[in-house]
Amino acid sequence: MKRRSNLSVCFHLLKLVKPLSFIMILAVFFGTAGFICAAGVPVAGTFALLCATGILPDVRLGTILILMAVFALLRGILHYVEQTCNHYIAFKLLALIRDKVFFAFRRLSPAKLEDKGKGNLISLITSDIELLEVFYAHTISPAVIALLFCISACVFLGTYYRGFALLAAVAYVCVGIVIPVVVSKKGRSDGMQFRTKSGELSSFVLENLRGLSEIIQYGRGGDRLSKMNSLTDELLAYDGKMKRRAGISGGVTTAVILFFAALLLVWASVLYMRGTIDFAGVLIPVVAFMSSFGPVIALSNLGGTLQNTFASGNRVLDVLEEQPETEEIFNKPQVHFKNAGVEHIDFSYGTEAVLSDVSVKFPSHTIVGIVGKSGSGKSTFLKLLMRFWSVRTGVINISGVPVDEVNTSDLRDMESYVTQETDMFHDSIENNVKIAKPDASHEEVVTACRKASVHDFIMTLPEGYNTAVGELGDTLSGGEKQRLGLARAFLHDAPFLLLDEPTSSLDSLNEAIILKSVNDAREHQTIVLVSHRRSTMKITDTLYRLENGRMC
C-alpha cells in the first residue's frame with residue numbers, strides 16, 4: 001500500500017469536486033450566513049439586555065427582539081440548505097467514486113486482484129467509500145465556512161478594540177488548525193491500521209461463510225472463532241485508541257476556548273477600568289467571542305474522525321492509481337481468427353519462473369492437448385493466451401498478429417475460456433448462461449446446455465431454466481456448475497476455445513457426452529484442452545507435456 005500524506009490524499013479527493021463547484025459555493029455561502037445568524041442571536045440578546053438596563057438608550061428594544069427572532073429562524077433555514085448542498089455533493093461524488101473504482105477493478109482484473117481478499121475488496125467499495133462522505137459533507141465546505149466566519153468575527157471584534165481581533169485570530173488558529181493537525185498526526189497510523197484490520201476481518205468472515213460446511217465437518221469452529229475474536233480484538237484496540245484520542249482532543253479544545261475567553265475578559269476589564277472602552281465594549285465582545293467557536297469546534301472534532309477518512313481515501317486511491325498488468329487495447333485493425341501460435345515465451349510471477357522458452361502452434365480446426373503435473377503452469381499458459389498477463393519475452397500470435405496488437409474486445413470475441421471453477425451469479429440458470437451472449441434466444445441457451453450435458457438436469461428443477469442458482473451458485477454441485485460453465489462457452493461460440501480441466505468434476509458418462517461435443521466443435525473451432533485425465537486426451541490431434549516450465 002502506498003503511504004500518502006493526509007495533504008496529498010486531501011488534494012486528490014478535492015480534484016473530484018470540480019464538477020460540483022457551484023453547489024459547493026452555495027453551501028459555503030449559506031453555511032457562513034447561518035453561523036453569522038447563530039452568533040447573532042446571543043449578541044443581539046446582549047444588545048437587548050444593555051438596552052433594557054439603559055446602558056444603550058439609543059437602541060430600540062423591539063427592533064432587537066425582532067432581529068433575534070429573524071436570526072433564529074434564518075439559522076435553521078440556512079443550516080438546512082447548507083447541509084442539503086453538502087450531502088448532495090457528497091452522495092453524488094460517492095457514486096462517481098464507486099463508478100471509478102468498479103472501472104478500476106475491471107482494468108485490474110484478474111491479474112492484480114487475484115492476491116487481494118474478496119472481503120477486503122467488499123470493505124473498500126462499501127465502508128471505505130462511505131467514509132469519504134465525512135470529507136465531502138463535513139470537511140471541505142465547513143473548513144471554508146470556518147475561515148470566512150472567523151474573518152467576519154475578527155472584523156466585528158476589531159471594531160471594539162483591535163487587539164481583540166488579534167486574540168480571536170490566535171484562538172481560532174489554535175482550535176481550528178493546531179489541535180486538529182496534532183491529533184491527526186498522532187493518530188495517522190492508527191487510522192490506517194484500523195481500515196486495514198477492518199478489511200482483513202471482512203475477508204476472514206467471507207472466507208468462513210464460504211467454507212462453513214468444511215469447518216463444521218472437521219470441527220474447526222472453535223479455531224476459526226478464536227481467530228475471528230483475535231481479529232475483532234485488534235480492530236477494537238485501534239478503535240479504542242482513536243476514541244480516547246478524540247476524547248482528549250475534545251477536552252483540550254474546551255480548555256483552550258475557556259482560556260482565551262478568560263484572557264479576553266481580563267483584557268477587556270482592564271481596558272474598561274482604564275476608560276479605553278465602555279461596559280458595552282466589554283460585554284458584547286466577550287459574548288460574541290464565546291459564540292463564535294461553532295465552526296472551528298466542528299473542525300477540531302474532525303481531527304480524529306478524519307484519520308479513518310484519510311486512511312479510507314488512501315485505500316481507494318491505491319485502487320484508482322494501480323496500474324493494470326495489461327492495458328486494454330483499442331483502435332487497432334480488426335483481426336479475425338485463423339490460427340494461433342506461441343513462440344519462445346517466458347513468464348514468471350515476480351522472481352518465480354513459471355514458463356521458459358515455450359513454443360506451441362494451434363492450427364485451425366484442431367484440438368491441442370496439454371498435460372502436466374499440478375503447478376506446472378498449465379492454467380497460467382491459458383491465461384497468457386487470454387492476455388490476462390503479458391509474457392516477459394517471446395510472442396503470442398493470433399492470426400499472425402501479436403496479441404499486444406489485437407483489440408481487447410476482438411480478443412474476447414475470438415476466445416472462450418472455461419476455468420476449473422465456474423463462478424455463478426444470484427440469478428436464474430438461463431441468465432447465468434446468457435452472460436456469454438446476452439441477446440441469445442432461449443433455444444440457443446437450450447442447445448448450448450444440451451452440448452454441455454446439463455439440459456436434463458435443468459429440466460428436473462422446479463422452475464427449469466428460470467430456477468435461481470443461489471448466491472455464488474451454492475445450490476449447485478461442482479459438476480453442475482462446471483457443465484454450466486461449458487454451456488456458456490458453447491453459447492459464446494468463439495473460434496478459439498480454451499478448456500482448463502473441463503471434466504474434472506464429471507463422471508465418465510457426462511465426460512463422454514461433453515468430449516463428443518468438444519470433438520464435434522473442431523469443425524468450426526480451434527480448441528486447447530488442458531487435463532490430467534488420459535481419457536480426456538484421446539480426442540486431441542496434438543499432445544504436449546508441460547514439465548518444469550518447458551513444453552515437450
# chains A, B, ... in the order shown; residues from 1 in each chain; ligands from 1

call {"tool": "closest_atom_pairs", "arguments": {"of": "segment 440-488 of chain A", "to": "segment 510-522 of chain A", "cutoff": "12 Å", "atoms": "only C-alpha atoms", "output": "CSV"}}
result
residue,atom,partner,partner_atom,distance
A:Thr447,CA,A:Ser517,CA,11.1
A:Ala448,CA,A:Ser517,CA,9.8
A:Cys449,CA,A:Ile514,CA,10.3
A:Arg450,CA,A:Ser517,CA,9.2
A:Lys451,CA,A:Ser517,CA,5.6
A:Ala452,CA,A:Ile514,CA,5.6
A:Ser453,CA,A:Asn510,CA,6.3
A:Val454,CA,A:Asn510,CA,8.8
A:His455,CA,A:Asn510,CA,11.6
A:Asp456,CA,A:Asn510,CA,11.3
A:Phe457,CA,A:Asn510,CA,11.4
A:Gly479,CA,A:Asn510,CA,9.5
A:Glu480,CA,A:Asn510,CA,10.5
A:Gln482,CA,A:Ile514,CA,11.1
A:Arg483,CA,A:Ile514,CA,8.6
A:Leu484,CA,A:Ile514,CA,11.6
A:Gly485,CA,A:Ile514,CA,12.0
A:Leu486,CA,A:Ile514,CA,8.7
A:Ala487,CA,A:Ile514,CA,10.0

call {"tool": "closest_atom_pairs", "arguments": {"of": "segment 121-218 of chain A", "to": "segment 28-43 of chain A", "cutoff": "6 Å", "atoms": "only C-alpha atoms", "output": "JSON lines"}}
result
{"residue": "A:Ser141", "atom": "CA", "partner": "A:Val28", "partner_atom": "CA", "distance": 5.5}
{"residue": "A:Ile145", "atom": "CA", "partner": "A:Thr32", "partner_atom": "CA", "distance": 5.1}
{"residue": "A:Phe149", "atom": "CA", "partner": "A:Thr32", "partner_atom": "CA", "distance": 5.8}

call {"tool": "residues_around", "arguments": {"residues": "Ile140 of chain A", "least_positions_apart": "6", "cutoff": "9 Å", "atoms": "only C-alpha atoms", "output": "short mmCIF file (atom, residue, chain, number, x, y, z; two decimals) with all heavy atoms, in the first residue's frame"}}
result
data_model
loop_
_atom_site.label_atom_id
_atom_site.label_comp_id
_atom_site.auth_asym_id
_atom_site.auth_seq_id
_atom_site.Cartn_x
_atom_site.Cartn_y
_atom_site.Cartn_z
N LEU A 14 -10.00 16.36 -3.44
CA LEU A 14 -10.57 17.66 -3.80
C LEU A 14 -10.74 17.82 -5.30
O LEU A 14 -11.65 18.51 -5.77
CB LEU A 14 -9.67 18.79 -3.26
CG LEU A 14 -9.88 19.22 -1.81
CD1 LEU A 14 -8.81 20.21 -1.40
CD2 LEU A 14 -11.27 19.80 -1.61
N MET A 24 -20.94 23.72 -4.25
CA MET A 24 -20.07 23.90 -3.09
C MET A 24 -20.02 25.37 -2.68
O MET A 24 -20.04 25.69 -1.48
CB MET A 24 -18.66 23.41 -3.44
CG MET A 24 -17.65 23.53 -2.30
SD MET A 24 -18.06 22.46 -0.90
CE MET A 24 -17.61 20.86 -1.59
N ASN A 86 -24.29 20.14 0.90
CA ASN A 86 -23.12 19.32 1.21
C ASN A 86 -23.38 17.84 0.97
O ASN A 86 -22.54 17.12 0.42
CB ASN A 86 -22.70 19.54 2.67
CG ASN A 86 -21.91 20.82 2.84
OD1 ASN A 86 -21.27 21.29 1.91
ND2 ASN A 86 -21.97 21.39 4.03
#

call {"tool": "residues_around", "arguments": {"residues": "Leu411 of chain A", "least_positions_apart": "3", "cutoff": "10 Å", "atoms": "only C-alpha atoms", "output": "PyMOL selection string"}}
result
chain A and resi 329+334-337+385-387+398+403+406-408+414-416+494+496

call {"tool": "write_last_selection", "arguments": {"atoms": "N, CA, C and O atoms", "output": "compact mmCIF listing (two decimals), in the first residue's frame"}}
result
# COMPACT_ATOMS: atom_id res chain seq x y z
N ILE A 329 -6.49 -2.65 -25.10
CA ILE A 329 -6.05 -2.21 -26.42
C ILE A 329 -7.27 -1.90 -27.28
O ILE A 329 -8.25 -2.66 -27.29
N GLN A 334 -9.10 -4.56 -37.04
CA GLN A 334 -9.81 -5.75 -36.56
C GLN A 334 -9.13 -7.02 -37.07
O GLN A 334 -8.67 -7.09 -38.20
N VAL A 335 -9.06 -8.01 -36.19
CA VAL A 335 -8.42 -9.28 -36.50
C VAL A 335 -9.47 -10.38 -36.45
O VAL A 335 -10.26 -10.45 -35.51
N HIS A 336 -9.48 -11.26 -37.45
CA HIS A 336 -10.37 -12.41 -37.46
C HIS A 336 -9.53 -13.66 -37.22
O HIS A 336 -8.43 -13.80 -37.76
N PHE A 337 -10.06 -14.57 -36.44
CA PHE A 337 -9.27 -15.73 -36.05
C PHE A 337 -9.07 -16.72 -37.20
O PHE A 337 -10.03 -17.09 -37.89
N LEU A 385 -2.65 -16.80 -23.03
CA LEU A 385 -3.36 -16.77 -24.31
C LEU A 385 -4.52 -15.78 -24.26
O LEU A 385 -4.86 -15.15 -25.27
N MET A 386 -5.14 -15.65 -23.09
CA MET A 386 -6.23 -14.69 -22.91
C MET A 386 -5.72 -13.26 -22.70
O MET A 386 -6.48 -12.31 -22.63
N ARG A 387 -4.39 -13.13 -22.56
CA ARG A 387 -3.72 -11.86 -22.26
C ARG A 387 -4.18 -11.25 -20.94
O ARG A 387 -4.32 -10.04 -20.78
N ILE A 398 -2.12 -14.24 -32.76
CA ILE A 398 -3.46 -14.62 -33.19
C ILE A 398 -3.57 -14.23 -34.65
O ILE A 398 -3.46 -13.04 -35.00
N VAL A 403 -0.67 -10.62 -29.81
CA VAL A 403 -1.87 -10.28 -29.02
C VAL A 403 -1.80 -8.86 -28.46
O VAL A 403 -2.83 -8.24 -28.18
N VAL A 406 -3.72 -6.68 -30.79
CA VAL A 406 -5.11 -7.05 -31.08
C VAL A 406 -6.03 -6.30 -30.11
O VAL A 406 -5.79 -6.28 -28.90
N ASN A 407 -7.07 -5.68 -30.63
CA ASN A 407 -8.04 -5.00 -29.76
C ASN A 407 -8.55 -5.97 -28.70
O ASN A 407 -8.89 -7.12 -29.02
N THR A 408 -8.61 -5.50 -27.45
CA THR A 408 -9.06 -6.37 -26.36
C THR A 408 -10.45 -6.91 -26.62
O THR A 408 -10.73 -8.08 -26.36
N MET A 414 -12.97 -13.52 -29.85
CA MET A 414 -12.37 -14.68 -30.52
C MET A 414 -12.09 -15.83 -29.57
O MET A 414 -11.88 -16.96 -30.02
N GLU A 415 -12.06 -15.57 -28.26
CA GLU A 415 -11.65 -16.60 -27.31
C GLU A 415 -12.75 -16.87 -26.28
O GLU A 415 -13.44 -15.95 -25.83
N SER A 416 -12.90 -18.13 -25.92
CA SER A 416 -13.73 -18.54 -24.79
C SER A 416 -12.82 -19.31 -23.83
O SER A 416 -12.06 -20.18 -24.26
N ALA A 494 -17.01 -18.94 -29.59
CA ALA A 494 -15.82 -18.26 -30.10
C ALA A 494 -14.98 -19.24 -30.91
O ALA A 494 -14.97 -20.44 -30.63
N PHE A 496 -11.81 -19.72 -30.88
CA PHE A 496 -10.66 -20.24 -30.15
C PHE A 496 -11.13 -20.59 -28.74
O PHE A 496 -11.41 -19.71 -27.93

call {"tool": "residues_around", "arguments": {"residues": "Glu325 of chain A", "least_positions_apart": "6", "cutoff": "9 Å", "atoms": "only C-alpha atoms", "output": "PyMOL selection string"}}
result
chain A and resi 107-112+388-390

call {"tool": "select_by_dssp", "arguments": {"residues": "segment 192-392 of chain A", "states": "strand (DSSP E or B)", "output": "list in words"}}
result
Ala340, Gly341, Val342, Glu343, His344, Ile345, Asp346, Phe347, Ser348, Tyr349, Glu352, Ala353, Val354, Leu355, Ser356, Asp357, Val358, Ser359, Val360, Lys361, Phe362, Ile367, Val368, Gly369, Ile370 and Val371 of chain A

call {"tool": "write_last_selection", "arguments": {"atoms": "N, CA and C atoms", "output": "JSON list (two decimals), in the first residue's frame"}}
result
[["chain", "number", "residue", "atom", "x", "y", "z"],
["A", 340, "ALA", "N", -3.48, -19.76, -34.17],
["A", 340, "ALA", "CA", -2.75, -19.12, -33.07],
["A", 340, "ALA", "C", -1.41, -19.82, -32.90],
["A", 341, "GLY", "N", -0.49, -19.11, -32.27],
["A", 341, "GLY", "CA", 0.82, -19.69, -32.03],
["A", 341, "GLY", "C", 1.55, -19.00, -30.91],
["A", 342, "VAL", "N", 2.44, -19.72, -30.25],
["A", 342, "VAL", "CA", 3.26, -19.20, -29.17],
["A", 342, "VAL", "C", 4.71, -19.45, -29.53],
["A", 343, "GLU", "N", 5.53, -18.40, -29.47],
["A", 343, "GLU", "CA", 6.92, -18.53, -29.89],
["A", 343, "GLU", "C", 7.88, -18.08, -28.79],
["A", 344, "HIS", "N", 8.58, -19.05, -28.21],
["A", 344, "HIS", "CA", 9.68, -18.81, -27.27],
["A", 344, "HIS", "C", 9.29, -17.85, -26.13],
["A", 345, "ILE", "N", 8.16, -18.13, -25.48],
["A", 345, "ILE", "CA", 7.73, -17.23, -24.41],
["A", 345, "ILE", "C", 8.31, -17.64, -23.06],
["A", 346, "ASP", "N", 8.59, -16.66, -22.25],
["A", 346, "ASP", "CA", 9.00, -16.83, -20.86],
["A", 346, "ASP", "C", 8.01, -16.07, -20.00],
["A", 347, "PHE", "N", 7.74, -16.60, -18.82],
["A", 347, "PHE", "CA", 6.85, -15.90, -17.89],
["A", 347, "PHE", "C", 7.21, -16.27, -16.47],
["A", 348, "SER", "N", 7.07, -15.29, -15.57],
["A", 348, "SER", "CA", 7.33, -15.54, -14.15],
["A", 348, "SER", "C", 6.43, -14.64, -13.32],
["A", 349, "TYR", "N", 6.09, -15.13, -12.13],
["A", 349, "TYR", "CA", 5.39, -14.33, -11.14],
["A", 349, "TYR", "C", 6.46, -13.72, -10.24],
["A", 352, "GLU", "N", 9.63, -15.81, -9.44],
["A", 352, "GLU", "CA", 9.34, -17.23, -9.59],
["A", 352, "GLU", "C", 9.06, -17.57, -11.05],
["A", 353, "ALA", "N", 10.00, -18.25, -11.71],
["A", 353, "ALA", "CA", 9.84, -18.61, -13.11],
["A", 353, "ALA", "C", 8.78, -19.70, -13.25],
["A", 354, "VAL", "N", 7.88, -19.53, -14.22],
["A", 354, "VAL", "CA", 6.79, -20.48, -14.45],
["A", 354, "VAL", "C", 6.94, -21.16, -15.81],
["A", 355, "LEU", "N", 7.16, -20.36, -16.85],
["A", 355, "LEU", "CA", 7.31, -20.90, -18.20],
["A", 355, "LEU", "C", 8.63, -20.42, -18.79],
["A", 356, "SER", "N", 9.29, -21.32, -19.53],
["A", 356, "SER", "CA", 10.59, -20.97, -20.10],
["A", 356, "SER", "C", 10.70, -21.50, -21.53],
["A", 357, "ASP", "N", 10.91, -20.58, -22.46],
["A", 357, "ASP", "CA", 11.14, -20.91, -23.87],
["A", 357, "ASP", "C", 10.08, -21.87, -24.42],
["A", 358, "VAL", "N", 8.81, -21.50, -24.23],
["A", 358, "VAL", "CA", 7.69, -22.35, -24.67],
["A", 358, "VAL", "C", 7.25, -21.92, -26.06],
["A", 359, "SER", "N", 7.14, -22.91, -26.95],
["A", 359, "SER", "CA", 6.64, -22.66, -28.31],
["A", 359, "SER", "C", 5.59, -23.71, -28.66],
["A", 360, "VAL", "N", 4.43, -23.27, -29.12],
["A", 360, "VAL", "CA", 3.34, -24.18, -29.49],
["A", 360, "VAL", "C", 2.59, -23.57, -30.67],
["A", 361, "LYS", "N", 2.10, -24.43, -31.57],
["A", 361, "LYS", "CA", 1.25, -23.97, -32.66],
["A", 361, "LYS", "C", -0.15, -24.55, -32.50],
["A", 362, "PHE", "N", -1.15, -23.73, -32.82],
["A", 362, "PHE", "CA", -2.55, -24.14, -32.72],
["A", 362, "PHE", "C", -3.18, -23.99, -34.10],
["A", 367, "ILE", "N", -7.61, -29.90, -32.17],
["A", 367, "ILE", "CA", -7.66, -29.93, -30.71],
["A", 367, "ILE", "C", -6.25, -30.21, -30.21],
["A", 368, "VAL", "N", -5.69, -29.27, -29.50],
["A", 368, "VAL", "CA", -4.33, -29.39, -28.96],
["A", 368, "VAL", "C", -4.45, -29.65, -27.46],
["A", 369, "GLY", "N", -3.88, -30.74, -27.01],
["A", 369, "GLY", "CA", -3.94, -31.10, -25.61],
["A", 369, "GLY", "C", -2.65, -30.74, -24.88],
["A", 370, "ILE", "N", -2.79, -30.34, -23.61],
["A", 370, "ILE", "CA", -1.64, -30.02, -22.76],
["A", 370, "ILE", "C", -1.83, -30.74, -21.43],
["A", 371, "VAL", "N", -0.86, -31.56, -21.06],
["A", 371, "VAL", "CA", -0.91, -32.27, -19.79],
["A", 371, "VAL", "C", 0.30, -31.86, -18.95]]

call {"tool": "select_by_dssp", "arguments": {"residues": "segment 281-507 of chain A", "states": "alpha helix (DSSP H)", "output": "PyMOL selection string"}}
result
chain A and resi 281-290+294-321+378-385+408-414+429-433+442-451+455-459+478-492

call {"tool": "residues_around", "arguments": {"residues": "segment 214-231 of chain A", "least_positions_apart": "2", "cutoff": "8 Å", "atoms": "only C-alpha atoms", "output": "list of chain:residue names"}}
result
A:Lys197, A:Glu200, A:Leu201, A:Phe204, A:Val205, A:Asn208, A:Gly211, A:Leu212, A:Asp233, A:Glu234, A:Leu235

call {"tool": "write_last_selection", "arguments": {"atoms": "C-alpha atoms", "output": "compact mmCIF listing (two decimals), in the first residue's frame"}}
result
# COMPACT_ATOMS: atom_id res chain seq x y z
CA LYS A 197 -7.70 -4.63 10.02
CA GLU A 200 -8.82 -8.33 6.95
CA LEU A 201 -11.78 -9.09 9.21
CA PHE A 204 -11.91 -13.64 7.08
CA VAL A 205 -15.68 -13.56 7.71
CA ASN A 208 -15.54 -18.66 6.75
CA GLY A 211 -16.22 -22.67 3.85
CA LEU A 212 -18.79 -23.20 6.60
CA ASP A 233 -9.96 -7.53 19.42
CA GLU A 234 -7.22 -5.98 17.30
CA LEU A 235 -9.80 -3.88 15.49

call {"tool": "residues_around", "arguments": {"residues": "Leu132 of chain A", "least_positions_apart": "5", "cutoff": "12 Å", "atoms": "only C-alpha atoms", "output": "VMD selection string"}}
result
chain A and resid 9 to 10 13 to 14 16 87 89 to 98 124 to 127 137 to 140 305 to 317

call {"tool": "atom_distance", "arguments": {"atom1": "atom CA of Pro495 of chain A", "atom2": "atom CA of Cys552 of chain A"}}
result
25.3 Å

call {"tool": "closest_residue", "arguments": {"among": "A:Thr460, A:Gly372, A:Phe103, A:Val252", "to": "Met537 of chain A", "atoms": "only C-alpha atoms"}}
result
A:Gly372

call {"tool": "closest_residue", "arguments": {"among": "A:Gly158, A:Gly176, A:Gly45, A:Pro142", "to": "Phe293 of chain A", "atoms": "only C-alpha atoms"}}
result
A:Gly176

call {"tool": "decode", "arguments": {"residues": "segment 348-359 of chain A", "atoms": "all heavy atoms", "output": "JSON list (two decimals), in the first residue's frame"}}
result
[["chain", "number", "residue", "atom", "x", "y", "z"],
["A", 348, "SER", "N", 7.07, -15.29, -15.57],
["A", 348, "SER", "CA", 7.33, -15.54, -14.15],
["A", 348, "SER", "C", 6.43, -14.64, -13.32],
["A", 348, "SER", "O", 6.04, -13.55, -13.74],
["A", 348, "SER", "CB", 8.80, -15.25, -13.82],
["A", 348, "SER", "OG", 9.12, -13.89, -14.12],
["A", 349, "TYR", "N", 6.09, -15.13, -12.13],
["A", 349, "TYR", "CA", 5.39, -14.33, -11.14],
["A", 349, "TYR", "C", 6.46, -13.72, -10.24],
["A", 349, "TYR", "O", 7.00, -14.38, -9.37],
["A", 349, "TYR", "CB", 4.44, -15.18, -10.30],
["A", 349, "TYR", "CG", 3.27, -15.74, -11.07],
["A", 349, "TYR", "CD1", 3.13, -17.11, -11.27],
["A", 349, "TYR", "CD2", 2.29, -14.91, -11.58],
["A", 349, "TYR", "CE1", 2.05, -17.64, -11.96],
["A", 349, "TYR", "CE2", 1.20, -15.41, -12.28],
["A", 349, "TYR", "CZ", 1.09, -16.78, -12.46],
["A", 349, "TYR", "OH", 0.02, -17.29, -13.15],
["A", 350, "GLY", "N", 6.78, -12.47, -10.48],
["A", 350, "GLY", "CA", 7.87, -11.87, -9.72],
["A", 350, "GLY", "C", 9.19, -12.54, -10.08],
["A", 350, "GLY", "O", 9.62, -12.54, -11.24],
["A", 351, "THR", "N", 9.81, -13.15, -9.09],
["A", 351, "THR", "CA", 11.08, -13.85, -9.33],
["A", 351, "THR", "C", 10.88, -15.35, -9.54],
["A", 351, "THR", "O", 11.83, -16.07, -9.78],
["A", 351, "THR", "CB", 12.03, -13.64, -8.13],
["A", 351, "THR", "OG1", 11.39, -14.12, -6.94],
["A", 351, "THR", "CG2", 12.36, -12.16, -7.96],
["A", 352, "GLU", "N", 9.63, -15.81, -9.44],
["A", 352, "GLU", "CA", 9.34, -17.23, -9.59],
["A", 352, "GLU", "C", 9.06, -17.57, -11.05],
["A", 352, "GLU", "O", 8.02, -17.21, -11.60],
["A", 352, "GLU", "CB", 8.13, -17.61, -8.73],
["A", 352, "GLU", "CG", 7.77, -19.09, -8.81],
["A", 352, "GLU", "CD", 6.48, -19.42, -8.08],
["A", 352, "GLU", "OE1", 5.93, -18.51, -7.42],
["A", 352, "GLU", "OE2", 6.02, -20.56, -8.20],
["A", 353, "ALA", "N", 10.00, -18.25, -11.71],
["A", 353, "ALA", "CA", 9.84, -18.61, -13.11],
["A", 353, "ALA", "C", 8.78, -19.70, -13.25],
["A", 353, "ALA", "O", 8.76, -20.68, -12.50],
["A", 353, "ALA", "CB", 11.16, -19.11, -13.69],
["A", 354, "VAL", "N", 7.88, -19.53, -14.22],
["A", 354, "VAL", "CA", 6.79, -20.48, -14.45],
["A", 354, "VAL", "C", 6.94, -21.16, -15.81],
["A", 354, "VAL", "O", 6.84, -22.38, -15.92],
["A", 354, "VAL", "CB", 5.42, -19.78, -14.35],
["A", 354, "VAL", "CG1", 4.29, -20.77, -14.61],
["A", 354, "VAL", "CG2", 5.24, -19.13, -12.99],
["A", 355, "LEU", "N", 7.16, -20.36, -16.85],
["A", 355, "LEU", "CA", 7.31, -20.90, -18.20],
["A", 355, "LEU", "C", 8.63, -20.42, -18.79],
["A", 355, "LEU", "O", 9.03, -19.27, -18.58],
["A", 355, "LEU", "CB", 6.15, -20.44, -19.09],
["A", 355, "LEU", "CG", 4.74, -20.86, -18.66],
["A", 355, "LEU", "CD1", 3.70, -20.19, -19.55],
["A", 355, "LEU", "CD2", 4.58, -22.37, -18.70],
["A", 356, "SER", "N", 9.29, -21.32, -19.53],
["A", 356, "SER", "CA", 10.59, -20.97, -20.10],
["A", 356, "SER", "C", 10.70, -21.50, -21.53],
["A", 356, "SER", "O", 10.58, -22.70, -21.76],
["A", 356, "SER", "CB", 11.71, -21.56, -19.23],
["A", 356, "SER", "OG", 12.98, -21.30, -19.79],
["A", 357, "ASP", "N", 10.91, -20.58, -22.46],
["A", 357, "ASP", "CA", 11.14, -20.91, -23.87],
["A", 357, "ASP", "C", 10.08, -21.87, -24.42],
["A", 357, "ASP", "O", 10.39, -22.90, -25.01],
["A", 357, "ASP", "CB", 12.54, -21.51, -24.05],
["A", 357, "ASP", "CG", 12.96, -21.53, -25.52],
["A", 357, "ASP", "OD1", 12.49, -20.68, -26.29],
["A", 357, "ASP", "OD2", 13.73, -22.44, -25.89],
["A", 358, "VAL", "N", 8.81, -21.50, -24.23],
["A", 358, "VAL", "CA", 7.69, -22.35, -24.67],
["A", 358, "VAL", "C", 7.25, -21.92, -26.06],
["A", 358, "VAL", "O", 7.02, -20.74, -26.32],
["A", 358, "VAL", "CB", 6.51, -22.25, -23.68],
["A", 358, "VAL", "CG1", 5.29, -22.96, -24.24],
["A", 358, "VAL", "CG2", 6.90, -22.82, -22.33],
["A", 359, "SER", "N", 7.14, -22.91, -26.95],
["A", 359, "SER", "CA", 6.64, -22.66, -28.31],
["A", 359, "SER", "C", 5.59, -23.71, -28.66],
["A", 359, "SER", "O", 5.83, -24.91, -28.48],
["A", 359, "SER", "CB", 7.78, -22.72, -29.33],
["A", 359, "SER", "OG", 8.73, -21.68, -29.09]]
